[in-house]
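Visitor: Contents are mmCIF, C-alpha atoms and all ligand atoms; file name my_file37.cif:
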data_upload
loop_
_atom_site.label_atom_id
_atom_site.label_comp_id
_atom_site.auth_asym_id
_atom_site.auth_seq_id
_atom_site.Cartn_x
_atom_site.Cartn_y
_atom_site.Cartn_z
CA MET A 23 -187.65 -56.00 141.57
CA LYS A 24 -188.15 -52.67 143.33
CA ALA A 25 -191.60 -51.74 144.65
CA LEU A 26 -192.74 -49.26 142.02
CA THR A 27 -195.99 -47.33 141.94
CA PRO A 28 -197.99 -47.73 138.69
CA ALA A 29 -196.99 -44.15 137.77
CA GLN A 30 -193.30 -44.92 138.29
CA ARG A 31 -193.71 -47.75 135.79
CA LEU A 32 -194.54 -45.19 133.10
CA ILE A 33 -191.64 -43.42 131.40
CA VAL A 34 -192.85 -40.59 129.19
CA ALA A 35 -190.55 -39.82 126.25
CA LEU A 36 -190.50 -36.03 125.90
CA ASP A 37 -189.69 -36.15 122.19
CA ILE A 38 -190.52 -32.87 120.50
CA ASN A 39 -189.73 -32.12 116.86
CA PRO A 40 -188.31 -28.56 116.93
CA THR A 41 -189.62 -27.81 113.42
CA GLN A 42 -193.14 -28.11 114.81
CA THR A 43 -192.59 -25.15 117.12
CA VAL A 44 -191.76 -21.55 116.20
CA SER A 45 -188.11 -21.82 117.31
CA TYR A 46 -185.64 -24.16 118.99
CA SER A 47 -185.99 -22.28 122.25
CA ALA A 48 -189.79 -22.63 121.97
CA ALA A 49 -189.31 -26.39 121.60
CA ILE A 50 -187.26 -26.49 124.80
CA LYS A 51 -189.86 -24.34 126.60
CA SER A 52 -192.63 -26.70 125.49
CA ILE A 53 -190.68 -29.65 126.92
CA TYR A 54 -190.33 -27.91 130.30
CA ALA A 55 -194.02 -26.94 130.19
CA LEU A 56 -195.03 -30.56 129.63
CA ALA A 57 -192.57 -31.73 132.32
CA GLU A 58 -194.15 -29.34 134.83
CA LYS A 59 -197.62 -30.60 133.96
CA LEU A 60 -196.48 -34.21 134.38
CA ALA A 61 -194.56 -33.76 137.66
CA PRO A 62 -197.55 -34.24 140.02
CA SER A 63 -198.40 -37.58 138.38
CA GLY A 64 -195.16 -39.24 139.58
CA VAL A 65 -194.13 -40.54 136.14
CA VAL A 66 -190.53 -40.67 134.92
CA VAL A 67 -189.53 -38.42 132.02
CA LYS A 68 -187.11 -39.44 129.32
CA VAL A 69 -185.10 -37.03 127.17
CA ASN A 70 -182.73 -37.71 124.30
CA SER A 71 -182.47 -35.42 121.24
CA VAL A 72 -183.11 -32.24 123.24
CA LEU A 73 -180.49 -33.30 125.78
CA ARG A 74 -177.87 -33.50 123.04
CA TYR A 75 -178.87 -29.99 121.94
CA ALA A 76 -179.42 -28.28 125.30
CA GLY A 77 -176.73 -30.10 127.29
CA ILE A 78 -176.82 -32.45 130.25
CA SER A 79 -177.45 -29.67 132.76
CA MET A 80 -181.06 -29.96 131.56
CA LEU A 81 -181.24 -33.05 133.77
CA LYS A 82 -180.72 -30.90 136.86
CA ASP A 83 -183.58 -28.61 135.81
CA LEU A 84 -185.93 -31.58 135.34
CA TYR A 85 -184.85 -32.94 138.72
CA ASP A 86 -185.61 -29.55 140.28
CA ILE A 87 -189.13 -29.71 138.80
CA GLY A 88 -189.50 -32.86 140.90
CA LEU A 89 -189.19 -35.51 138.22
CA TYR A 90 -187.28 -38.77 137.96
CA THR A 91 -185.00 -38.29 134.97
CA PHE A 92 -183.98 -40.72 132.26
CA ALA A 93 -181.12 -39.65 129.97
CA ASP A 94 -181.64 -41.77 126.86
CA LEU A 95 -178.24 -40.98 125.37
CA LYS A 96 -177.73 -44.48 123.92
CA LEU A 97 -174.00 -44.20 124.49
CA CYS A 98 -171.90 -46.34 122.15
CA ASP A 99 -168.16 -45.89 122.25
CA ILE A 100 -164.85 -47.28 123.49
CA PRO A 101 -164.45 -47.85 127.25
CA ASN A 102 -162.24 -44.80 127.78
CA THR A 103 -164.80 -42.47 126.20
CA LEU A 104 -167.67 -44.00 128.18
CA ILE A 105 -165.62 -43.41 131.34
CA ASN A 106 -165.41 -39.72 130.36
CA ASP A 107 -169.16 -39.67 129.63
CA GLY A 108 -169.74 -41.22 133.03
CA TRP A 109 -167.73 -38.57 134.86
CA PHE A 110 -169.53 -35.70 133.10
CA LEU A 111 -172.88 -37.32 133.91
CA THR A 112 -172.08 -37.74 137.62
CA GLU A 113 -172.45 -33.93 137.81
CA CYS A 114 -176.17 -34.25 136.96
CA GLN A 115 -176.97 -37.65 138.49
CA PRO A 116 -179.68 -38.87 136.12
CA ASP A 117 -181.81 -41.62 137.63
CA MET A 118 -181.39 -43.69 134.46
CA ILE A 119 -179.11 -43.71 131.44
CA THR A 120 -178.86 -45.88 128.34
CA VAL A 121 -175.82 -47.48 126.73
CA MET A 122 -175.90 -49.57 123.55
CA CYS A 123 -175.15 -53.20 124.43
CA SER A 124 -173.23 -53.32 121.14
CA ALA A 125 -170.60 -51.07 122.78
CA GLY A 126 -169.42 -54.28 124.43
CA VAL A 127 -169.10 -55.73 127.93
CA GLU A 128 -165.99 -53.78 128.92
CA ALA A 129 -167.45 -50.40 127.90
CA MET A 130 -170.81 -51.00 129.61
CA HIS A 131 -169.07 -52.17 132.77
CA ALA A 132 -166.72 -49.17 132.78
CA LEU A 133 -169.68 -46.76 132.57
CA LYS A 134 -171.50 -48.54 135.40
CA GLN A 135 -168.38 -48.42 137.59
CA ILE A 136 -168.24 -44.62 137.27
CA LEU A 137 -171.96 -43.97 137.75
CA GLY A 138 -172.35 -46.25 140.77
CA ASP A 139 -175.63 -46.94 142.53
CA GLN A 140 -177.16 -43.48 141.99
CA THR A 141 -177.87 -44.10 138.31
CA GLU A 142 -179.42 -47.16 136.71
CA VAL A 143 -177.44 -48.11 133.61
CA LEU A 144 -179.71 -49.72 131.01
CA GLY A 145 -178.49 -51.62 127.97
CA VAL A 146 -180.31 -51.07 124.69
CA THR A 147 -180.71 -54.41 122.91
CA VAL A 148 -182.49 -54.36 119.51
CA LEU A 149 -184.18 -51.10 118.49
CA THR A 150 -187.96 -51.51 118.40
CA SER A 151 -188.10 -49.78 115.02
CA LEU A 152 -186.23 -52.65 113.32
CA ASN A 153 -188.19 -55.38 111.57
CA GLU A 154 -186.77 -58.88 111.20
CA ASN A 155 -185.13 -58.22 107.85
CA GLN A 156 -183.46 -54.99 108.98
CA CYS A 157 -182.21 -56.75 112.12
CA LEU A 158 -180.73 -59.56 110.01
CA ILE A 159 -178.90 -57.03 107.83
CA ILE A 160 -177.52 -55.04 110.78
CA HIS A 161 -176.85 -57.74 113.37
CA GLY A 162 -176.65 -60.89 111.24
CA SER A 163 -179.32 -62.63 113.31
CA LYS A 164 -183.07 -62.46 114.00
CA PRO A 165 -184.41 -60.08 116.69
CA THR A 166 -184.82 -62.78 119.37
CA ASP A 167 -181.35 -64.28 118.79
CA THR A 168 -179.76 -60.84 118.69
CA PHE A 169 -181.65 -59.85 121.84
CA GLN A 170 -180.39 -62.94 123.68
CA LYS A 171 -176.77 -62.33 122.66
CA LEU A 172 -176.93 -58.68 123.81
CA ALA A 173 -178.79 -59.56 127.02
CA ILE A 174 -176.01 -61.98 128.00
CA MET A 175 -173.45 -59.21 127.42
CA ALA A 176 -175.44 -56.82 129.65
CA LYS A 177 -175.49 -59.41 132.43
CA GLU A 178 -171.73 -59.94 132.12
CA ALA A 179 -171.21 -56.18 132.30
CA LYS A 180 -173.19 -56.10 135.57
CA ILE A 181 -175.41 -53.23 134.48
CA ASP A 182 -178.88 -52.68 135.94
CA GLY A 183 -181.38 -53.33 133.19
CA LEU A 184 -182.34 -53.89 129.58
CA ILE A 185 -184.27 -51.87 127.04
CA LEU A 186 -186.13 -54.41 124.95
CA SER A 187 -189.12 -54.79 122.69
CA PRO A 188 -192.15 -56.17 124.56
CA GLN A 189 -192.12 -58.93 121.93
CA GLU A 190 -188.80 -60.17 123.34
CA LEU A 191 -190.04 -60.37 126.96
CA GLY A 192 -190.46 -64.14 126.82
CA PHE A 193 -186.96 -64.76 125.45
CA LEU A 194 -184.67 -63.67 128.28
CA PRO A 195 -181.82 -66.19 128.29
CA TYR A 196 -181.42 -66.35 132.09
CA ASN A 197 -183.42 -65.99 135.29
CA ASN A 198 -184.14 -62.31 135.42
CA HIS A 199 -182.26 -60.13 137.82
CA LEU A 200 -182.23 -57.10 135.52
CA SER A 201 -184.83 -54.38 135.23
CA LEU A 202 -186.86 -54.83 132.00
CA ILE A 203 -187.96 -51.64 130.30
CA CYS A 204 -190.00 -51.70 127.09
CA PRO A 205 -190.42 -48.97 124.46
CA GLY A 206 -192.45 -49.83 121.35
CA ILE A 207 -195.67 -49.38 123.33
CA ARG A 208 -198.88 -48.49 121.54
CA PRO A 209 -202.12 -48.20 123.51
CA ALA A 210 -205.17 -49.31 121.50
CA TRP A 211 -206.44 -45.70 121.59
CA SER A 212 -203.27 -44.17 120.16
CA MET A 213 -202.75 -43.06 116.60
CA VAL A 214 -199.21 -42.11 115.63
CA LYS A 215 -199.01 -40.60 112.15
CA GLY A 216 -196.41 -42.36 109.96
CA ASP A 217 -195.41 -44.61 112.87
CA ASP A 218 -191.86 -45.99 112.71
CA GLN A 219 -192.25 -48.50 115.56
CA ARG A 220 -192.49 -52.10 114.37
CA ARG A 221 -192.25 -54.60 117.25
CA VAL A 222 -195.00 -53.16 119.47
CA MET A 223 -197.53 -54.09 122.18
CA THR A 224 -200.17 -52.36 124.35
CA PRO A 225 -199.24 -51.11 127.87
CA ARG A 226 -201.51 -53.69 129.50
CA GLU A 227 -200.05 -56.64 127.60
CA ALA A 228 -196.42 -55.53 128.07
CA ILE A 229 -196.88 -55.16 131.85
CA ALA A 230 -198.83 -58.43 132.07
CA ARG A 231 -195.98 -60.21 130.27
CA GLY A 232 -193.40 -58.94 132.75
CA ALA A 233 -192.17 -55.50 131.68
CA GLU A 234 -191.15 -53.68 134.84
CA ARG A 235 -191.58 -50.28 133.18
CA ILE A 236 -192.77 -49.04 129.78
CA VAL A 237 -191.70 -46.09 127.62
CA VAL A 238 -194.46 -44.16 125.86
CA GLY A 239 -193.76 -41.09 123.73
CA ARG A 240 -195.95 -39.86 120.91
CA PRO A 241 -199.20 -41.50 122.08
CA ILE A 242 -198.91 -39.11 125.05
CA THR A 243 -197.08 -36.07 123.62
CA GLN A 244 -199.28 -35.95 120.50
CA HIS A 245 -202.51 -36.56 122.41
CA PRO A 246 -204.82 -33.51 122.59
CA ASP A 247 -204.73 -33.92 126.38
CA PRO A 248 -201.40 -35.48 127.47
CA ILE A 249 -202.47 -35.61 131.13
CA GLU A 250 -205.54 -37.63 130.19
CA ALA A 251 -203.33 -39.90 128.05
CA VAL A 252 -201.04 -40.43 131.06
CA ALA A 253 -204.04 -41.31 133.24
CA MET A 254 -205.34 -43.79 130.62
CA THR A 255 -201.89 -45.40 130.33
CA ILE A 256 -201.54 -45.73 134.12
CA ALA A 257 -205.00 -47.35 134.19
CA GLU A 258 -203.76 -49.88 131.61
CA ILE A 259 -200.63 -50.50 133.69
CA ASN A 260 -202.89 -51.32 136.63
CA GLN A 261 -204.88 -53.74 134.46
CA GLY A 262 -201.64 -55.41 133.35
CA LEU A 263 -200.56 -55.82 136.98
CA THR A 264 -203.92 -57.42 137.77
CA ASP A 265 -203.54 -59.78 134.78
CA ARG A 266 -200.16 -60.88 136.19
CA ALA A 267 -201.59 -61.82 139.59
O1 LIG B 1 -192.99 -42.05 120.49
P1 LIG B 1 -192.58 -43.43 120.90
O2 LIG B 1 -193.51 -44.05 121.92
O3 LIG B 1 -192.30 -44.34 119.73
O4 LIG B 1 -191.20 -43.19 121.68
C1 LIG B 1 -190.35 -44.26 122.06
C2 LIG B 1 -189.12 -43.70 122.71
O5 LIG B 1 -188.31 -44.80 123.14
C3 LIG B 1 -188.26 -42.84 121.81
O6 LIG B 1 -187.73 -41.78 122.60
C4 LIG B 1 -187.14 -43.76 121.36
O7 LIG B 1 -185.94 -43.05 121.17
C5 LIG B 1 -187.01 -44.72 122.54
N1 LIG B 1 -186.53 -46.06 122.23
C6 LIG B 1 -187.14 -46.92 121.34
N2 LIG B 1 -186.63 -48.16 121.06
C7 LIG B 1 -185.54 -48.58 121.70
C8 LIG B 1 -184.91 -47.75 122.63
C9 LIG B 1 -185.45 -46.48 122.88
O8 LIG B 1 -188.19 -46.55 120.78
N3 LIG B 1 -185.08 -49.80 121.49
#
Using the file provided, produce a representation of the structure as structure tokens.

Guide:
Amino acid sequence: MKALTPAQRLIVALDINPTQTVSYSAAIKSIYALAEKLAPSGVVVKVNSVLRYAGISMLKDLYDIGLYTFADLKLCDIPNTLINDGWFLTECQPDMITVMCSAGVEAMHALKQILGDQTEVLGVTVLTSLNENQCLIIHGSKPTDTFQKLAIMAKEAKIDGLILSPQELGFLPYNNHLSLICPGIRPAWSMVKGDDQRRVMTPREAIARGAERIVVGRPITQHPDPIEAVAMTIAEINQGLTDRA
């Protein structure tokens, strides 16, 4: 595991709903404004929907602001297409990128081969919004069994890490050599209206149980003071690291 600062263990999902701003360009501006505010803290920022709208050159702009960038594109396609995705992405060199493990070993491996050591390729296992029944319908097995199957595929593909629910942290089917990154994080102080996340945990507990990094979106972006929310989350990360020791 790399030596990460507590701030580098926090990945802030810059998810903005464009209908809650006056225009699409205002939504993009508000993302850059938040990114600029967050830059001094040393956290990583994650973008997905806006990246699909604004284009991958946005990653260069975020890098220029001084941020580690995470392109959560959740790529899922045939190997040849992921190779093309990989080449386009090498232009912008994101620090991290996601691929769906369900794309298969060959496709994940092909993407990693193109992106090389500059970009961590992370395999998404079971979405944290799925409950057990939904997972059974989609994957034909329970979340833990599905997670284990997909985690084995990620290892075979020789990618760098896994995106997993904190609830699956204890179920890794091999000695860990992959980076473990958990979304589905809800600090005790957070209130997310109409929350869609199902398999969740607090920052402290997820870090204590072995998450290397955590992804937090709305608890920070919807907080009246996102910088204070970042500081509170980093404090919880520190507590989780102490619990581990
Ligand atoms: O707002 P919230 O904290 O739920 O944001 C979680 C972020 O992590 C979102 O950007 C979502 O797309 C992403 N994510 C997830 N579950 C996964 C993979 C990614 O919630 N399995």

Visitor: What does the list of residues within 6 Å of ligand LIG 1 (chain B) look like if you count only C-alpha atoms and all ligand atoms, written as a compact mmCIF listing (two decimals) with C-alpha atoms, in the coordinates of the input?

Guide:
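selection14.txt written:
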# COMPACT_ATOMS: atom_id res chain seq x y z
CA ALA A 35 -190.55 -39.82 126.25
CA ASP A 37 -189.69 -36.15 122.19
CA VAL A 146 -180.31 -51.07 124.69
CA VAL A 148 -182.49 -54.36 119.51
CA LEU A 149 -184.18 -51.10 118.49
CA THR A 150 -187.96 -51.51 118.40
CA ILE A 185 -184.27 -51.87 127.04
CA LEU A 186 -186.13 -54.41 124.95
CA PRO A 205 -190.42 -48.97 124.46
CA GLY A 206 -192.45 -49.83 121.35
CA ILE A 207 -195.67 -49.38 123.33
CA GLN A 219 -192.25 -48.50 115.56
CA VAL A 237 -191.70 -46.09 127.62
CA VAL A 238 -194.46 -44.16 125.86
CA GLY A 239 -193.76 -41.09 123.73
CA ARG A 240 -195.95 -39.86 120.91

Visitor: Give me the residues near Leu104 (chain A) as a list in words, where near means some atom within 10 Å (using all atoms listed in the file) and where sequence neighbours in that chain fewer than 3 positions away do not count.

Guide: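 Surrounding residues, per the criterion: Leu97, Cys98, Asp99, Ile100, Pro101, Asp107, Gly108, Trp109, Phe110, Val121, Ala125, Glu128, Ala129, Met130, His131, Ala132, Leu133, Lys134 and Ile136 of chain A.
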
Visitor: What's the 9 Å shell around Val143 (chain A), counting all atoms listed in the file, without same-chain residues fewer than 2 positions away, as number ranges by chain?

Guide: A: 117-121, 130, 133-134, 137-138, 141, 145, 181-184

Visitor: Rounded to one decimal in Å, what is the spacing between CA of Val66 (chain A) and CA of Gln30 (chain A)?

Guide: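 Rounded to one decimal, the two atoms are 6.1 Å apart.
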
Visitor: For each of A:Gly77, A:Ser151, A:Gly192, A:Ile105, take the minimum atom-to-atom distance to Asp217 (chain A), counting only C-alpha atoms, then give the residue where this is smallest.

Guide: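 Nearest candidate to Asp217 (chain A) out of A:Gly77, A:Ser151, A:Gly192, A:Ile105: A:Ser151.
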
Visitor: Which residue out of A:Glu113, A:Asp265, A:Asp94, A:Glu142 has the minimum interatomic distance to Ile229 (chain A) when all atoms listed in the file are used?

Guide: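 Looking only at the distances to Ile229 (chain A), the closest residue turns out to be A:Asp265.
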
Visitor: Between CA of Thr243 (chain A) and CA of Leu60 (chain A), what is the distance, to one decimal in Å?

Guide: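 About the pair CA of Thr243 (chain A) and CA of Leu60 (chain A): they are 10.9 Å apart.
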
Visitor: If we count all atoms listed in the file and set the cut-off at 9 Å, which residues sit around Tyr54 (chain A), ignoring sequence neighbours fewer than 4 positions away in its own chain? Please answer as a compact mmCIF listing (two decimals) with C-alpha atoms, in the coordinates of the input.

Guide:
# COMPACT_ATOMS: atom_id res chain seq x y z
CA ALA A 49 -189.31 -26.39 121.60
CA ILE A 50 -187.26 -26.49 124.80
CA GLU A 58 -194.15 -29.34 134.83
CA LYS A 59 -197.62 -30.60 133.96
CA ASP A 83 -183.58 -28.61 135.81
CA LEU A 84 -185.93 -31.58 135.34
CA ILE A 87 -189.13 -29.71 138.80

Visitor: Just want the 8 Å neighbourhood of region 159-171 of chain A, counted on all atoms listed in the file, with same-chain residues fewer than 4 positions away dropped. Output as a short mmCIF file (atom, residue, chain, number, x, y, z; two decimals) with C-alpha atoms, keeping the file's coordinate frame.

Guide:
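Dumped to result_4.cif:
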data_model
loop_
_atom_site.label_atom_id
_atom_site.label_comp_id
_atom_site.auth_asym_id
_atom_site.auth_seq_id
_atom_site.Cartn_x
_atom_site.Cartn_y
_atom_site.Cartn_z
CA THR A 147 -180.71 -54.41 122.91
CA VAL A 148 -182.49 -54.36 119.51
CA ASN A 153 -188.19 -55.38 111.57
CA GLU A 154 -186.77 -58.88 111.20
CA ASN A 155 -185.13 -58.22 107.85
CA MET A 175 -173.45 -59.21 127.42
CA LEU A 186 -186.13 -54.41 124.95
CA GLU A 190 -188.80 -60.17 123.34
CA PHE A 193 -186.96 -64.76 125.45
CA LEU A 194 -184.67 -63.67 128.28
CA PRO A 195 -181.82 -66.19 128.29
#
